[in-house]
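One structure is given here, and the rest of the page talks about it.
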Amino acid sequence: MKDPAGLPVVTLREKEWQMHEGESRHCLCSVKRSGGFNIKSNLDVHLASPYKDAACDFRVTGSLASLSIKVRRGNSIIAEVTHSYTWGSYKGKECFKIKVYPEVDYAFIVALLVIIHENDNA
């Protein structure tokens with residue numbers, strides 16, 4: 001995924017997505033599928049930090065196919081996505097409602113949705 005200037009914002013490297021800060025190569029976070037067999041897609045998001053433990057910072061559960069996605073930080077839900085049925089849904093034009101809670105970066109949530117879409121279609 002690139003920004004309007006054509007610079008990479010989100011890149012895929014060997015089954016791991018990485019989000020970058022603007023023009024720099026500074027990695028903000030990495031996103032991987034959760035381990036184990038799951039019916040729904042689960043993604044673990046790890047913020048880039050030299051002082052990290054093995055636990056993920058955010059977890060994304062659900063999939064676009066299941067019509068429901070939740071983004072959690074710990075036990076708190078920070079964003080929710082639900083399918084919004086419209087006449088366009090029957091013509092292949094999907095519409096989703098995104099609820100982002102206060103003090104959460106909208107661009108971060110949208111980037112996670114792009115990653116979920118790409119994983120669901122892989």
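Convention: chains lettered A, B, ... in structure tokens order; per-chain residue numbering from 1; ligands numbered from 1 as shown.
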Report as a ChimeraX atom specification all protein, DNA and RNA residues lying within 12 Å of Ala107 in chain A, evaluated on only C-alpha atoms, omitting residues in the same chain fewer than 6 positions from it. /A:3,9-10,19,21,79,98,100,113-114
Any idea what the distance is between CA of Ser84 in chain A and CA of Ser68 in chain A?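 Between these atoms lies a distance of 10.2 Å.
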Determine the nearest neighbour of Val31 in chain A from the options A:Ile116, A:Ala5, A:Tyr106, A:Arg73, counting only C-alpha atoms.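 Of the candidates, the smallest distance to Val31 in chain A is held by A:Ile116.
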Enter the distance from CA of Asn42 in chain A to CA of Ile109 in chain A, in Å, rounded to one decimal.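 Here the two named atoms are 14.6 Å from each other.
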